[in-house]
Amino acid sequence: KAGVTQTPRYLIKTRGQQVTLSCSPISGHRSVSWYQQTPGQGLQFLFEYFSETQRNKGNFPGRFSGRQFSNSRSEMNVSTLELGDSALYLCASSPGQRLNTEAFFGQGTRLTVV
Amino acid sequence: KQEVTQIPAALSVPEGENLVLNCSFTDSAIYNLQWFRQDPGKGLTSLLLIQSSQREQTSGRLNASLDKSSGRSTLYIAASQPGDSATYLCAVRQGTYKYIFGTGTRLKVLA
């Protein structure tokens with residue numbers, strides 16, 4: 001069974017640009033969550049999608065957005081990039097119907113903003 | 001507001017030693033607690049999931065316990081090996097579809 005796939009693995013962008021990251025969950029999983037990991041703040045929740053609907057959102061500015069497609073694949077977009085957006089972005093997949101299910105993470109996308 | 005703390009922040013032990021990593025949380029109203037491992041620059045690998053109604057879970061050399069009333073979980077690693085070197089993270093899930101993570105324990109097992 002394939003795991004969670006995130007693409008691309010690495011990205012370098014310039015301040016002011018925008019970026020789109022992609023996440024393909026485990027087959028059959030309908031919930032996709034996104035997290036940002038930085039040395040200073042640790043792992044912070046961005047948002048979670050289930051069946052194309054955003055169920056929960058973290059405390060990030062509106063420059064961070066996401067969506068989920070009918071095949072459960074998800075994308076997150078960051079507009080007007082800032083240096084502080086440099087981070088490892090992780091995607092998690094779970095069946096999603098209940099709160100007590102296990103989450104599985106991808107390898108992440110390393111975003112560097114210069 | 002839920003806060004998750006992991007102590008110690010870093011740990012260095014000789015190979016073969018048994019060790020315990022600690023995770024504490026401030027709000028006992030959780031659905032589950034999950035332990036993860038993270039290698040440098042990589043994603044998270046799920047180690048053990050403990051439901052709120054469970055006291056412990058075991059997988060190979062790993063054993064995780066949960067004491068919800070006191071807001072504590074421990075991850076016990078038996079007979080540590082250099083390949084166990086990584087950062088270990090605990091995370092709790094409450095009444096929302098998100099995990100709240102601890103800051104991690106960076107483990108180094110010396111050969």
# chains A, B, ... in the order shown; residues from 1 in each chain; ligands from 1

call {"tool": "interface_residues", "arguments": {"of": "chain B", "to": "chain A", "cutoff": "7 Å", "atoms": "only C-alpha atoms", "output": "ChimeraX atom specification"}}
result
/B:31-32,42-46,49,51,97-98,101,103

call {"tool": "select_by_dssp", "arguments": {"residues": "segment 61-102 of chain A", "states": "strand (DSSP E)", "output": "PyMOL selection string"}}
result
chain A and resi 64-68+74-78+87-94

call {"tool": "write_last_selection", "arguments": {"atoms": "N, CA and C atoms", "output": "compact mmCIF listing (two decimals), in the first residue's frame"}}
result
# COMPACT_ATOMS: atom_id res chain seq x y z
N PHE A 64 -2.15 31.71 3.31
CA PHE A 64 -2.09 30.25 3.28
C PHE A 64 -3.50 29.72 2.97
N SER A 65 -3.61 28.96 1.94
CA SER A 65 -4.91 28.40 1.58
C SER A 65 -4.73 26.98 1.08
N GLY A 66 -5.83 26.27 1.01
CA GLY A 66 -5.74 24.89 0.55
C GLY A 66 -7.02 24.47 -0.12
N ARG A 67 -6.98 23.29 -0.70
CA ARG A 67 -8.18 22.71 -1.25
C ARG A 67 -7.99 21.21 -1.37
N GLN A 68 -9.10 20.52 -1.53
CA GLN A 68 -9.05 19.08 -1.71
C GLN A 68 -9.92 18.72 -2.89
N SER A 74 -4.79 16.72 -2.19
CA SER A 74 -4.93 18.07 -1.66
C SER A 74 -3.77 18.93 -2.13
N GLU A 75 -4.02 20.20 -2.23
CA GLU A 75 -2.99 21.19 -2.52
C GLU A 75 -3.06 22.30 -1.49
N MET A 76 -1.90 22.84 -1.16
CA MET A 76 -1.89 24.06 -0.38
C MET A 76 -1.13 25.12 -1.15
N ASN A 77 -1.58 26.34 -1.00
CA ASN A 77 -1.00 27.45 -1.72
C ASN A 77 -0.56 28.53 -0.73
N VAL A 78 0.60 29.08 -0.99
CA VAL A 78 1.05 30.22 -0.19
C VAL A 78 1.33 31.36 -1.16
N ALA A 87 10.23 26.63 5.53
CA ALA A 87 9.85 25.59 6.49
C ALA A 87 9.74 24.26 5.78
N LEU A 88 9.56 23.21 6.59
CA LEU A 88 9.19 21.90 6.07
C LEU A 88 7.67 21.80 6.19
N TYR A 89 6.99 21.57 5.07
CA TYR A 89 5.54 21.46 5.08
C TYR A 89 5.17 19.98 4.98
N LEU A 90 4.44 19.54 5.97
CA LEU A 90 4.08 18.13 6.08
C LEU A 90 2.59 17.93 5.89
N CYS A 91 2.28 16.86 5.23
CA CYS A 91 0.90 16.49 4.97
C CYS A 91 0.62 15.19 5.71
N ALA A 92 -0.56 15.08 6.30
CA ALA A 92 -0.96 13.86 7.01
C ALA A 92 -2.26 13.33 6.43
N SER A 93 -2.38 12.03 6.40
CA SER A 93 -3.54 11.37 5.83
C SER A 93 -4.16 10.46 6.89
N SER A 94 -5.48 10.41 6.93
CA SER A 94 -6.16 9.46 7.82
C SER A 94 -7.52 9.14 7.21

call {"tool": "atom_distance", "arguments": {"atom1": "atom CA of Thr7 of chain A", "atom2": "atom CA of Leu111 of chain A"}}
result
11.1 Å

call {"tool": "atom_distance", "arguments": {"atom1": "atom CA of Gly84 of chain A", "atom2": "atom CA of Thr38 of chain A"}}
result
9.2 Å

call {"tool": "closest_residue", "arguments": {"among": "B:Ile30, B:Val20, B:Leu48, B:Cys90", "to": "Lys68 of chain B", "atoms": "only C-alpha atoms"}}
result
B:Ile30

call {"tool": "atom_distance", "arguments": {"atom1": "atom CA of Leu89 of chain B", "atom2": "atom CA of Gly104 of chain B"}}
result
4.5 Å

call {"tool": "residues_around", "arguments": {"residues": "Val13 of chain B", "least_positions_apart": "4", "cutoff": "12 Å", "atoms": "only C-alpha atoms", "output": "JSON, numbers by chain"}}
result
{"B": [17, 18, 19, 20, 77, 79, 80, 81, 82, 84, 85, 106, 107, 108, 109, 110, 111]}

call {"tool": "decode", "arguments": {"residues": "segment 10-30 of chain B", "atoms": "N, CA, C and O atoms", "output": "short mmCIF file (atom, residue, chain, number, x, y, z; two decimals), in the first residue's frame"}}
result
data_model
loop_
_atom_site.label_atom_id
_atom_site.label_comp_id
_atom_site.auth_asym_id
_atom_site.auth_seq_id
_atom_site.Cartn_x
_atom_site.Cartn_y
_atom_site.Cartn_z
N ALA B 10 16.90 16.67 24.75
CA ALA B 10 17.92 15.88 24.07
C ALA B 10 18.45 14.82 25.04
O ALA B 10 18.47 15.03 26.25
N LEU B 11 18.86 13.71 24.46
CA LEU B 11 19.30 12.57 25.26
C LEU B 11 20.34 11.80 24.49
O LEU B 11 20.16 11.52 23.30
N SER B 12 21.43 11.46 25.17
CA SER B 12 22.48 10.68 24.53
C SER B 12 22.77 9.48 25.43
O SER B 12 23.04 9.65 26.62
N VAL B 13 22.67 8.28 24.87
CA VAL B 13 22.83 7.06 25.66
C VAL B 13 23.72 6.07 24.91
O VAL B 13 23.79 6.09 23.67
N PRO B 14 24.38 5.18 25.63
CA PRO B 14 25.17 4.13 24.96
C PRO B 14 24.24 3.04 24.43
O PRO B 14 23.15 2.79 24.97
N GLU B 15 24.68 2.39 23.39
CA GLU B 15 23.92 1.31 22.78
C GLU B 15 23.58 0.23 23.81
O GLU B 15 24.39 -0.10 24.68
N GLY B 16 22.37 -0.30 23.71
CA GLY B 16 21.96 -1.38 24.61
C GLY B 16 21.17 -0.92 25.82
O GLY B 16 20.52 -1.74 26.48
N GLU B 17 21.20 0.39 26.07
CA GLU B 17 20.50 0.89 27.25
C GLU B 17 19.00 0.97 27.01
O GLU B 17 18.54 1.24 25.90
N ASN B 18 18.23 0.71 28.06
CA ASN B 18 16.78 0.94 28.02
C ASN B 18 16.52 2.39 28.38
O ASN B 18 17.19 2.94 29.26
N LEU B 19 15.58 3.03 27.71
CA LEU B 19 15.36 4.44 28.00
C LEU B 19 13.88 4.80 27.95
O LEU B 19 13.07 4.09 27.36
N VAL B 20 13.58 5.92 28.60
CA VAL B 20 12.20 6.40 28.69
C VAL B 20 12.13 7.85 28.24
O VAL B 20 12.90 8.68 28.70
N LEU B 21 11.22 8.11 27.32
CA LEU B 21 10.96 9.48 26.87
C LEU B 21 9.61 9.91 27.44
O LEU B 21 8.67 9.11 27.47
N ASN B 22 9.54 11.15 27.87
CA ASN B 22 8.34 11.65 28.53
C ASN B 22 7.58 12.67 27.72
O ASN B 22 8.19 13.47 26.99
N CYS B 23 6.28 12.63 27.86
CA CYS B 23 5.39 13.57 27.19
C CYS B 23 4.30 13.94 28.19
O CYS B 23 3.68 13.06 28.78
N SER B 24 4.09 15.24 28.38
CA SER B 24 3.02 15.66 29.28
C SER B 24 2.11 16.66 28.57
O SER B 24 2.57 17.42 27.71
N PHE B 25 0.83 16.64 28.93
CA PHE B 25 -0.13 17.53 28.30
C PHE B 25 -1.03 18.14 29.37
O PHE B 25 -1.27 17.52 30.42
N THR B 26 -1.52 19.32 29.11
CA THR B 26 -2.21 20.08 30.16
C THR B 26 -3.70 19.79 30.24
O THR B 26 -4.31 19.96 31.29
N ASP B 27 -4.31 19.37 29.15
CA ASP B 27 -5.75 19.11 29.14
C ASP B 27 -5.98 17.62 28.90
O ASP B 27 -5.59 17.10 27.85
N SER B 28 -6.60 16.94 29.86
CA SER B 28 -6.76 15.49 29.76
C SER B 28 -7.89 15.06 28.81
O SER B 28 -8.06 13.87 28.56
N ALA B 29 -8.63 16.00 28.28
CA ALA B 29 -9.74 15.67 27.37
C ALA B 29 -9.20 15.42 25.97
O ALA B 29 -9.34 16.25 25.07
N ILE B 30 -8.60 14.25 25.77
CA ILE B 30 -8.01 13.92 24.47
C ILE B 30 -8.70 12.69 23.90
O ILE B 30 -9.25 11.87 24.62
#
